[in-house]
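For reference, work28.pdb (PDB, C-alpha atoms, pLDDT in the B column):
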MODEL        1
ATOM      1  CA  MET A   1      -9.898 -26.113   1.703  1.00 67.00           C
ATOM      2  CA  ALA A   2      -9.406 -27.962   5.008  1.00 81.00           C
ATOM      3  CA  ILE A   3      -6.542 -28.388   7.403  1.00 73.00           C
ATOM      4  CA  GLN A   4      -4.714 -31.710   7.298  1.00 73.00           C
ATOM      5  CA  ARG A   5      -4.068 -32.098  11.039  1.00 81.00           C
ATOM      6  CA  MET A   6      -2.906 -30.244  14.115  1.00 80.00           C
ATOM      7  CA  ASP A   7       0.867 -30.625  13.959  1.00 86.00           C
ATOM      8  CA  ASN A   8       1.935 -29.520  17.441  1.00 89.00           C
ATOM      9  CA  VAL A   9       1.350 -27.230  20.397  1.00 90.00           C
ATOM     10  CA  GLY A  10       4.219 -24.884  21.241  1.00 90.00           C
ATOM     11  CA  ILE A  11       5.093 -23.757  24.751  1.00 91.00           C
ATOM     12  CA  VAL A  12       7.829 -21.310  25.732  1.00 92.00           C
ATOM     13  CA  VAL A  13       9.729 -22.413  28.845  1.00 93.00           C
ATOM     14  CA  GLU A  14      12.531 -21.091  30.986  1.00 93.00           C
ATOM     15  CA  ASP A  15      13.931 -24.411  32.255  1.00 94.00           C
ATOM     16  CA  MET A  16      14.072 -26.740  29.252  1.00 96.00           C
ATOM     17  CA  ASP A  17      15.493 -29.745  31.130  1.00 97.00           C
ATOM     18  CA  ALA A  18      12.790 -29.586  33.811  1.00 95.00           C
ATOM     19  CA  ALA A  19      10.028 -29.241  31.219  1.00 95.00           C
ATOM     20  CA  VAL A  20      11.357 -32.145  29.125  1.00 97.00           C
ATOM     21  CA  ALA A  21      11.666 -34.353  32.234  1.00 96.00           C
ATOM     22  CA  PHE A  22       8.076 -33.526  33.251  1.00 96.00           C
ATOM     23  CA  PHE A  23       6.580 -34.433  29.882  1.00 96.00           C
ATOM     24  CA  VAL A  24       8.752 -37.563  29.492  1.00 97.00           C
ATOM     25  CA  ASP A  25       7.561 -38.787  32.911  1.00 95.00           C
ATOM     26  CA  LEU A  26       4.022 -38.001  31.791  1.00 95.00           C
ATOM     27  CA  GLY A  27       4.615 -40.549  29.013  1.00 96.00           C
ATOM     28  CA  MET A  28       5.664 -38.486  26.011  1.00 97.00           C
ATOM     29  CA  GLU A  29       8.653 -39.525  23.919  1.00 98.00           C
ATOM     30  CA  LEU A  30      11.453 -37.085  23.142  1.00 98.00           C
ATOM     31  CA  GLU A  31      11.853 -36.928  19.346  1.00 97.00           C
ATOM     32  CA  GLY A  32      14.821 -34.622  19.487  1.00 97.00           C
ATOM     33  CA  ARG A  33      16.364 -31.333  20.498  1.00 98.00           C
ATOM     34  CA  GLY A  34      17.891 -28.580  18.435  1.00 96.00           C
ATOM     35  CA  GLU A  35      18.410 -24.882  17.870  1.00 95.00           C
ATOM     36  CA  VAL A  36      16.372 -22.506  15.763  1.00 92.00           C
ATOM     37  CA  GLN A  37      17.744 -19.221  14.464  1.00 94.00           C
ATOM     38  CA  GLY A  38      18.087 -17.223  11.280  1.00 91.00           C
ATOM     39  CA  LEU A  39      16.004 -15.212   8.886  1.00 91.00           C
ATOM     40  CA  PHE A  40      13.175 -17.770   8.626  1.00 85.00           C
ATOM     41  CA  ALA A  41      12.736 -17.763  12.422  1.00 88.00           C
ATOM     42  CA  ASP A  42      12.616 -13.957  12.498  1.00 88.00           C
ATOM     43  CA  GLN A  43      10.102 -13.922   9.631  1.00 88.00           C
ATOM     44  CA  CYS A  44       7.841 -16.563  11.212  1.00 86.00           C
ATOM     45  CA  THR A  45       7.748 -15.027  14.667  1.00 86.00           C
ATOM     46  CA  GLY A  46       7.867 -11.344  13.788  1.00 88.00           C
ATOM     47  CA  LEU A  47      10.811 -10.977  16.180  1.00 90.00           C
ATOM     48  CA  ASP A  48      14.376  -9.855  15.433  1.00 94.00           C
ATOM     49  CA  GLY A  49      17.401 -11.990  16.264  1.00 94.00           C
ATOM     50  CA  VAL A  50      15.534 -15.169  17.209  1.00 92.00           C
ATOM     51  CA  HIS A  51      17.748 -17.843  18.710  1.00 96.00           C
ATOM     52  CA  CYS A  52      16.095 -20.577  20.738  1.00 95.00           C
ATOM     53  CA  ASP A  53      16.580 -24.136  21.846  1.00 97.00           C
ATOM     54  CA  ILE A  54      13.722 -26.484  21.045  1.00 96.00           C
ATOM     55  CA  ALA A  55      12.659 -29.953  22.118  1.00 98.00           C
ATOM     56  CA  MET A  56      10.003 -31.900  20.247  1.00 97.00           C
ATOM     57  CA  LEU A  57       8.016 -34.548  22.115  1.00 97.00           C
ATOM     58  CA  ARG A  58       5.313 -36.873  20.811  1.00 97.00           C
ATOM     59  CA  THR A  59       2.573 -38.955  22.348  1.00 96.00           C
ATOM     60  CA  PRO A  60       3.097 -42.744  22.288  1.00 95.00           C
ATOM     61  CA  ASP A  61       0.524 -43.133  19.497  1.00 94.00           C
ATOM     62  CA  GLY A  62       2.559 -40.725  17.340  1.00 93.00           C
ATOM     63  CA  HIS A  63      -0.415 -38.486  16.521  1.00 93.00           C
ATOM     64  CA  SER A  64       0.232 -35.478  18.771  1.00 94.00           C
ATOM     65  CA  ARG A  65       3.346 -33.421  19.405  1.00 95.00           C
ATOM     66  CA  LEU A  66       4.481 -30.766  21.823  1.00 95.00           C
ATOM     67  CA  GLU A  67       7.258 -28.312  20.974  1.00 94.00           C
ATOM     68  CA  LEU A  68       9.064 -26.693  23.887  1.00 95.00           C
ATOM     69  CA  ALA A  69      11.111 -23.567  23.164  1.00 94.00           C
ATOM     70  CA  LYS A  70      13.639 -21.783  25.366  1.00 95.00           C
ATOM     71  CA  TYR A  71      14.527 -18.373  23.961  1.00 94.00           C
ATOM     72  CA  ARG A  72      18.147 -17.274  24.113  1.00 95.00           C
ATOM     73  CA  SER A  73      17.223 -14.103  22.224  1.00 94.00           C
ATOM     74  CA  PRO A  74      15.183 -12.100  22.326  1.00 93.00           C
ATOM     75  CA  GLU A  75      14.666 -12.816  26.009  1.00 89.00           C
ATOM     76  CA  ALA A  76      11.357 -14.465  26.900  1.00 87.00           C
ATOM     77  CA  ILE A  77       8.739 -12.181  28.409  1.00 85.00           C
ATOM     78  CA  SER A  78       6.881 -13.163  31.561  1.00 80.00           C
ATOM     79  CA  GLU A  79       3.407 -11.689  31.866  1.00 74.00           C
ATOM     80  CA  GLY A  80       2.238 -11.981  35.424  1.00 72.00           C
ATOM     81  CA  PRO A  81       2.404 -14.839  37.882  1.00 71.00           C
ATOM     82  CA  ARG A  82       2.812 -18.412  36.733  1.00 70.00           C
ATOM     83  CA  ASP A  83       0.058 -19.680  38.998  1.00 73.00           C
ATOM     84  CA  ARG A  84      -2.733 -17.993  37.065  1.00 74.00           C
ATOM     85  CA  PRO A  85      -6.215 -19.492  37.423  1.00 73.00           C
ATOM     86  CA  HIS A  86      -7.797 -21.796  34.877  1.00 66.00           C
ATOM     87  CA  ASN A  87     -10.280 -19.168  33.661  1.00 70.00           C
ATOM     88  CA  ILE A  88      -7.684 -16.701  32.297  1.00 69.00           C
ATOM     89  CA  LEU A  89      -8.210 -15.642  28.676  1.00 64.00           C
ATOM     90  CA  GLY A  90      -6.083 -17.434  26.092  1.00 68.00           C
ATOM     91  CA  THR A  91      -4.606 -20.915  26.071  1.00 67.00           C
ATOM     92  CA  HIS A  92      -5.344 -22.471  29.405  1.00 67.00           C
ATOM     93  CA  ARG A  93      -4.346 -26.133  29.237  1.00 83.00           C
ATOM     94  CA  VAL A  94      -3.085 -29.113  27.287  1.00 89.00           C
ATOM     95  CA  MET A  95      -5.126 -32.307  27.865  1.00 91.00           C
ATOM     96  CA  PHE A  96      -3.789 -35.866  27.793  1.00 94.00           C
ATOM     97  CA  ALA A  97      -5.624 -39.198  27.948  1.00 94.00           C
ATOM     98  CA  VAL A  98      -3.967 -41.473  30.528  1.00 95.00           C
ATOM     99  CA  ASP A  99      -4.388 -45.089  31.646  1.00 94.00           C
ATOM    100  CA  ASP A 100      -4.205 -44.438  35.398  1.00 96.00           C
ATOM    101  CA  ILE A 101      -4.828 -40.886  36.580  1.00 95.00           C
ATOM    102  CA  LYS A 102      -3.742 -41.426  40.199  1.00 96.00           C
ATOM    103  CA  ASP A 103      -0.472 -43.051  39.147  1.00 95.00           C
ATOM    104  CA  THR A 104       0.171 -40.278  36.623  1.00 96.00           C
ATOM    105  CA  VAL A 105      -0.333 -37.560  39.244  1.00 96.00           C
ATOM    106  CA  ALA A 106       1.992 -39.436  41.633  1.00 96.00           C
ATOM    107  CA  ARG A 107       4.699 -39.661  38.918  1.00 94.00           C
ATOM    108  CA  LEU A 108       4.444 -35.941  38.192  1.00 95.00           C
ATOM    109  CA  ARG A 109       4.557 -34.718  41.817  1.00 95.00           C
ATOM    110  CA  PRO A 110       8.388 -35.017  42.053  1.00 95.00           C
ATOM    111  CA  HIS A 111       8.495 -32.540  39.155  1.00 93.00           C
ATOM    112  CA  GLY A 112       6.536 -30.016  41.205  1.00 92.00           C
ATOM    113  CA  ALA A 113       3.123 -30.830  39.752  1.00 93.00           C
ATOM    114  CA  GLU A 114       0.245 -29.773  41.970  1.00 91.00           C
ATOM    115  CA  LEU A 115      -3.440 -30.521  41.559  1.00 92.00           C
ATOM    116  CA  LEU A 116      -5.470 -27.370  40.887  1.00 89.00           C
ATOM    117  CA  GLY A 117      -8.480 -28.952  42.564  1.00 91.00           C
ATOM    118  CA  GLU A 118      -8.968 -32.674  42.910  1.00 94.00           C
ATOM    119  CA  ILE A 119      -9.524 -35.729  40.753  1.00 95.00           C
ATOM    120  CA  ALA A 120     -13.182 -35.542  39.735  1.00 95.00           C
ATOM    121  CA  ARG A 121     -15.552 -38.083  38.248  1.00 94.00           C
ATOM    122  CA  PHE A 122     -17.604 -37.064  35.205  1.00 93.00           C
ATOM    123  CA  GLU A 123     -20.635 -39.330  35.192  1.00 93.00           C
ATOM    124  CA  ASP A 124     -19.566 -42.905  34.440  1.00 93.00           C
ATOM    125  CA  SER A 125     -17.261 -41.770  31.652  1.00 95.00           C
ATOM    126  CA  TYR A 126     -14.064 -40.152  32.956  1.00 95.00           C
ATOM    127  CA  LEU A 127     -11.872 -39.275  35.881  1.00 95.00           C
ATOM    128  CA  LEU A 128     -10.494 -35.787  35.221  1.00 94.00           C
ATOM    129  CA  CYS A 129      -8.070 -33.390  36.863  1.00 93.00           C
ATOM    130  CA  TYR A 130      -5.819 -30.438  36.162  1.00 92.00           C
ATOM    131  CA  VAL A 131      -2.250 -30.209  37.436  1.00 93.00           C
ATOM    132  CA  ARG A 132       0.070 -27.244  37.256  1.00 91.00           C
ATOM    133  CA  GLY A 133       3.342 -28.321  35.688  1.00 88.00           C
ATOM    134  CA  PRO A 134       6.603 -26.550  34.869  1.00 85.00           C
ATOM    135  CA  GLU A 135       6.446 -22.847  34.013  1.00 85.00           C
ATOM    136  CA  GLY A 136       2.881 -22.767  35.366  1.00 86.00           C
ATOM    137  CA  ILE A 137       1.539 -24.841  32.455  1.00 88.00           C
ATOM    138  CA  ILE A 138      -1.856 -26.346  33.246  1.00 88.00           C
ATOM    139  CA  VAL A 139      -2.005 -29.980  32.122  1.00 91.00           C
ATOM    140  CA  GLY A 140      -5.327 -31.786  31.977  1.00 91.00           C
ATOM    141  CA  LEU A 141      -5.473 -35.525  32.591  1.00 94.00           C
ATOM    142  CA  ALA A 142      -8.379 -37.756  31.601  1.00 94.00           C
ATOM    143  CA  GLU A 143      -8.827 -41.444  32.429  1.00 95.00           C
ATOM    144  CA  GLN A 144     -11.660 -43.111  30.534  1.00 95.00           C
ATOM    145  CA  LEU A 145     -13.739 -45.420  32.729  1.00 95.00           C
ATOM    146  CA  GLY A 146     -15.100 -48.799  31.792  1.00 84.00           C
TER     147      GLY A 146
ENDMDL
END
Write out the structure in this file as structure tokens.
Amino acid sequence: MAIQRMDNVGIVVEDMDAAVAFFVDLGMELEGRGEVQGLFADQCTGLDGVHCDIAMLRTPDGHSRLELAKYRSPEAISEGPRDRPHNILGTHRVMFAVDDIKDTVARLRPHGAELLGEIARFEDSYLLCYVRGPEGIIVGLAEQLG
């Protein structure tokens, strides 16, 4: 038995509007926003009294999605600083292919995005970088060369 596809990546945020604006300026399309609550949400998450706002975004090709969730209850838990390094255990980044890496970084800077290092060249294949976005999320950017 095999999986069919990866449906989405979920990220818990504190400022939904800022996170949505960041990913829309990155180039994602907002599919919609809504609320999630009820018995099914409690059963899925293993939490009691789940009530959260969600926003679903998709890549322009329609193949990848990102689900942002802002918990109303139970309150979201913050574990440590939001500027954690790239080598922390667990999920450490979401990577996007872009047409123009320098332009993308420039568009994201007004949203508080900061380069973790610098734009680097991998052989003659890619320009790559990591930026820290809203809520401390590390976003990888890759521009294919040639």
Work out how far CA of Asp83 in chain A is from CA of Ala106 in chain A, in Å to one decimal.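 It comes out at 20.0 Å.
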For the structure provided, state which residues fall under the PyMOL selection byres ((chain A and resi 115-130) around 7), and present them as a PyMOL selection string. chain A and resi 113-114+131-132+138-145
Mind telling me what the PyMOL selection byres ((chain A and resi 73-79) around 8) catches here, as a list of chain:residue names? A:Val12, A:Glu14, A:Leu47, A:Asp48, A:Gly49, A:Val50, A:His51, A:Cys52, A:Lys70, A:Tyr71, A:Arg72, A:Gly80, A:Pro81
Could you tell me how far CA of Asp53 in chain A sits from CA of Gly38 in chain A, in Å to one decimal place?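 Between CA of Gly38 in chain A and CA of Asp53 in chain A the gap is 12.7 Å.
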Just the number, please: distance in Å from CA of Pro60 in chain A to CA of Ile3 in chain A, one decimal.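 Answer for the CA of Pro60 in chain A to CA of Ile3 in chain A separation: 22.8 Å.
Of the residues under consideration (A:Gly34, A:Gly62, A:Pro85, A:Pro134), A:Pro134 shows the shortest atom-to-atom contact distance to Ala21 in chain A when counting all atoms listed in the file.
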